[in-house]
There are 2 protein chains.
Amino acid sequence: MPVLVPGPASPQLAQRLAKACNYTVAKVSYRVFPDGESYVRVESNLKGETAIVVQSCPPPQDKRLMELLQLIDASLRAGSSKVFAIVPYFAYSRQDKVFLDYEALSSKIIAKIIEAIGANLLITVNIHSDLVLSYFEKIKALNLDAFPEVASYLTSYNLRKPLVLSPDRKRYPDAQRVARLINGEAAFLEKKRDLLSGAVTTEEKELTLEGRDIVIVDDIISTGGTLINAAKIVSRGNPSRIIAACIHGLYANNALEKLAAAGVSEVVSTDTIESPTSKISVARIIADTLKELTGG
Amino acid sequence: MPVLVPGPASPQLAQRLAKACNYTVAKVSYRVFPDGESYVRVESNLKGETAIVVQSCPPPQDKRLMELLQLIDASLRAGSSKVFAIVPYFAYSRQDKVFLDYEALSSKIIAKIIEAIGANLLITVNIHSDLVLSYFEKIKALNLDAFPEVASYLTSYNLRKPLVLSPDRKRYPDAQRVARLINGEAAFLEKKRDLLSGAVTTEEKELTLEGRDIVIVDDIISTGGTLINAAKIVSRGNPSRIIAACIHGLYANNALEKLAAAGVSEVVSTDTIESPTSKISVARIIADTLKELTGG
C-alpha cells in the first residue's frame with residue numbers, strides 16, 4: 001500500500017487525502033534551525049512502498065521547494081520504491097517561458113530539480129501554464145482540474161441568475177466550464193498588460209448585472225489586482241453579490257482586505273494552499289487519480 | 001575573457017573579484033515579485049564566454065539557492081559556454097551526512113541541483129565538511145582556504161602574546177594554522193554535543209590567559225553558542241582582549257550582541273557573507289584560482 005508523506009505546507013490536504021485513499025500516514029519531523037535551514041526526517045520505514053509526498057509550494061516558495069526536495073530525498077532514504085510528488089500549487093508557474101532575452105526559465109528549473117532528486121511522478125492542480133508540464137523530461141507530470149469542485153461548492157450558495165466572469169480572455173474557458181456546471185452565464189473582461197511595467201488595465205464589457213450574483217473566477221489570486229479591477233467595474237452595475245472563487249489563494253499585499261474594499265463579499269479557494277478561505281478540497285480529485293495509478 | 005555574473009547575495013565580493021581578475025561585469029537584474037517569487041535576468045550577451053556566477057547562500061538560504069540556480073540558467077541562456085558557480089558560503093553544509101535514519105541529506109540535494117541546472121564547476125570557501133565536495137558527481141568542486149587571509153588581517157591588531165583558540169577539537173587544525181601564521185600559540189576547548197537535543201557544553205582546559213590577546217577562531221558563527229561558551233570560560237582567566245574571527249558570519253538570534261555580552265571585544269569575518277563584520281576579503285584567493293583555471 002502506498003504511504004502518505006505529509007509536507008509542512010499541506011497538513012490538512014495530506015490528512016484528507018490519506019482518508020480518501022485509506023493510506024497510512026508516515027511520521028515526518030520537520031525543523032527549521034536558528035539560522036533558517038530546513039531539516040526533514042521521515043521516521044517510518046517505507047521499504048518497497050510508493051511514497052506519496054504531499055507538499056504545496058506557496059510563499060515562502062523557495063523554502064517550500066527545498067522542503068519538497070528534502071521530503072523526496074528522505075522518502076527514498078526510507079526505502080520507498082517510488083516517490084509520487086504531489087505539488088498542488090506549483091510555484092514559479094507564471095515564469096513559464098522566456099519573455100525577455102536571457103531571463104531564467106524558473107518553472108523549468110523547478111521541474112529539473114524535482115527530477116534530479118528522484119521523484120517518479122509529478123501531480124499538480126490547475127497549473128497556471130500547461131507549458132510547464134512539458135519541462136518534465138524524465139518523468140510524467142499530471143495536471144488535475146479542480147474547477148468542477150469549485151462549481152460544486154458554489155451551488156451551495158443558491159446563486160441568483162449567476163454570471164461567472166473571467167477577469168481576462170485567456171481564462172474564459174474556466175469561467176465557461178464553471179458556468180455550465182452551475183447553470184449560469186459566462187463572460188470575460190478585456191485585460192491589457194504592459195510587459196515591462198507589469199501594469200494591468202481592464203476594460204468594461206456590456207453586461208446586465210443588476211440584481212445578479214456575480215462569481216469572478218481565476219486560477220490564482222496573488223495580489224488580486226486583476227480581480228480588484230474586475231470587482232470595481234462589476235460593482236457599478238449594481239449586482240446582488242460579488243463572489244471571488246479561485247483555485248490557489250496566495251493573497252499577497254493584503255489582497256483579501258482590498259477585495260473586500262472593492263465590493264467582494266466572499267472569497268473562496270481550494271486547499272492547494274491552506275488558509276481560512278480554502279473551503280474547497282482537492283483531495284477527492286487527487287485520490288481518484290492515485291487510485292487509478294496504483295490500481296487501488 | 002570570462003565575464004562576471006554578480007548575484008544579489010554577493011555584490012561587493014563580485015566587484016572585488018572582477019577588479020582582481022580584470023573581468024567585465026555582466027548587467028544582471030533581479031526582482032522579487034509581490035508574492036515572493038524571485039526573478040533573474042542577465043542583460044548582457046555572454047556568447048562563448050565563461051560565466052563566473054558569484055552568489056553566496058547565507059540566510060535566507062533557500063531564496064539565495066533559487067537565485068543561484070536562476071543565475072546559472074540565465075547565464076547559459078545568454079550564451080555562455082561554461083558556468084563556474086562561486087558559492088562562497090555553501091548553505092546546508094552542516095547537513096553533511098545521515099546522522100539519524102531517513103534524514104534528508106540536504107547538502108547532497110544542493111550539490112545535485114547545482115549540477116542539474118548546468119554549472120560546470122563549483123568553487124566554495126572553507127566548506128564546513130569536505131564530504132559535501134564528494135556529493136558533486138558530475139562536476140569538479142573546489143574548496144578554498146581563507147584562514148591565511150584571516151591570519152594576515154589579524155596581524156594588523158598588534159596582538160599581545162596571542163593565543164589562537166579553537167572552540168572544539170575538530171577545528172583545532174584551523175587554529176594551529178592561524179597561530180603559525182601570526183606567531184602565536186594554539187589551543188582548543190573540549191566540546192560535547194548531544195545529538196538529539198543539539199545542546200553544546202564546553203569544558204575548561206588549563207591555559208595561561210592573563211594579559212594575553214585571545215583569538216577564538218571558527219569556520220562559521222551561526223547562533224554563536226559555541227563561541228559564547230568559549231568566551232565566557234576564557235574571560236575568567238583575565239585575558240587582555242578576546243577577539244572572535246570566523247570565515248562565515250551568519251549571526252543568527254542576535255549572536256553579535258551575545259558575543260559582546262560574553263566579553264568579545266571584536267568580531268571579524270570574511271566577505272563570503274557580506275555584513276558590517278566582513279572586513280576580510282576572499283577575492284584574492286578566488287581570483288588566484290580563477291586565473292589558474294582560465295590561464296589568465
# chains A, B, ... in the order shown; residues from 1 in each chain; ligands from 1
>>> interface_residues(of="chain A", to="chain B", cutoff="6 Å", atoms="only C-alpha atoms", output="number ranges by chain")
A: 35, 40-42, 62-63, 70, 73-74, 77-78, 102-104, 113, 252
>>> residues_around(residues="segment 136-153 of chain A", least_positions_apart="2", cutoff="6 Å", atoms="only C-alpha atoms", output="ChimeraX atom specification")
/A:111,120-126,133-134,155-156,178
>>> residues_around(residues="Val217 of chain B", least_positions_apart="4", cutoff="8 Å", atoms="only C-alpha atoms", output="list in words")
Val164, Leu165, Ser166, Pro167, Asp174, Ala175, Ala244, Ala245 and Cys246 of chain B
>>> write_last_selection(atoms="N, CA and C atoms", output="tab-separated table (two decimals), in the first residue's frame")
chain	number	residue	atom	x	y	z
B	164	VAL	N	45.61	31.46	19.94
B	164	VAL	CA	44.54	31.19	18.97
B	164	VAL	C	43.81	29.93	19.43
B	165	LEU	N	42.52	30.12	19.71
B	165	LEU	CA	41.77	29.08	20.37
B	165	LEU	C	40.68	28.53	19.47
B	166	SER	N	40.65	27.20	19.33
B	166	SER	CA	39.53	26.58	18.63
B	166	SER	C	38.50	26.18	19.68
B	167	PRO	N	37.24	26.50	19.48
B	167	PRO	CA	36.24	26.15	20.50
B	167	PRO	C	35.94	24.65	20.54
B	174	ASP	N	42.59	24.40	12.16
B	174	ASP	CA	42.43	25.78	11.69
B	174	ASP	C	43.15	26.74	12.64
B	175	ALA	N	42.95	26.52	13.95
B	175	ALA	CA	43.59	27.39	14.96
B	175	ALA	C	45.10	27.27	14.86
B	244	ALA	N	36.93	37.44	18.23
B	244	ALA	CA	36.37	36.28	17.53
B	244	ALA	C	36.59	36.48	16.04
B	245	ALA	N	37.15	35.46	15.39
B	245	ALA	CA	37.40	35.55	13.95
B	245	ALA	C	36.82	34.32	13.27
B	246	CYS	N	36.07	34.54	12.22
B	246	CYS	CA	35.49	33.40	11.51
B	246	CYS	C	35.54	33.64	10.01
>>> residues_around(residues="Ile220 of chain B", least_positions_apart="3", cutoff="7 Å", atoms="only C-alpha atoms", output="list of chain:residue names")
B:Cys246, B:Ile247, B:His248, B:Gly249
>>> write_last_selection(atoms="C-alpha atoms", output="short mmCIF file (atom, residue, chain, number, x, y, z; two decimals), in the first residue's frame")
data_model
loop_
_atom_site.label_atom_id
_atom_site.label_comp_id
_atom_site.auth_asym_id
_atom_site.auth_seq_id
_atom_site.Cartn_x
_atom_site.Cartn_y
_atom_site.Cartn_z
CA CYS B 246 35.49 33.40 11.51
CA ILE B 247 35.14 32.73 7.81
CA HIS B 248 31.33 32.79 7.61
CA GLY B 249 29.47 35.19 9.89
#
>>> atom_distance(atom1="atom CA of Ile52 of chain A", atom2="atom CA of Leu293 of chain A")
11.7 Å
>>> residues_around(residues="Ala260 of chain A", least_positions_apart="3", cutoff="12 Å", atoms="only C-alpha atoms", output="VMD selection string")
chain A and resid 224 227 to 228 231 to 232 235 241 to 244 254 to 257 263 to 267
>>> select_by_dssp(residues="segment 74-105 of chain A", states="strand (DSSP E)", output="JSON, numbers by chain")
{"A": [82, 83, 84, 85, 86]}
>>> write_last_selection(atoms="N, CA and C atoms", output="CSV table (one decimal), in the first residue's frame")
chain,number,residue,atom,x,y,z
A,82,LYS,N,9.2,4.0,-5.0
A,82,LYS,CA,8.8,5.1,-5.9
A,82,LYS,C,8.3,6.3,-5.1
A,83,VAL,N,8.5,7.5,-5.7
A,83,VAL,CA,8.0,8.7,-5.0
A,83,VAL,C,7.1,9.4,-6.0
A,84,PHE,N,5.9,9.6,-5.6
A,84,PHE,CA,5.0,10.5,-6.3
A,84,PHE,C,5.0,11.8,-5.6
A,85,ALA,N,5.4,12.9,-6.3
A,85,ALA,CA,5.4,14.2,-5.7
A,85,ALA,C,4.1,14.9,-6.1
A,86,ILE,N,3.3,15.2,-5.0
A,86,ILE,CA,2.0,15.9,-5.2
A,86,ILE,C,2.3,17.4,-4.8
>>> residues_around(residues="Ser81 of chain B", least_positions_apart="4", cutoff="6 Å", atoms="only C-alpha atoms", output="number ranges by chain")
B: 48-50
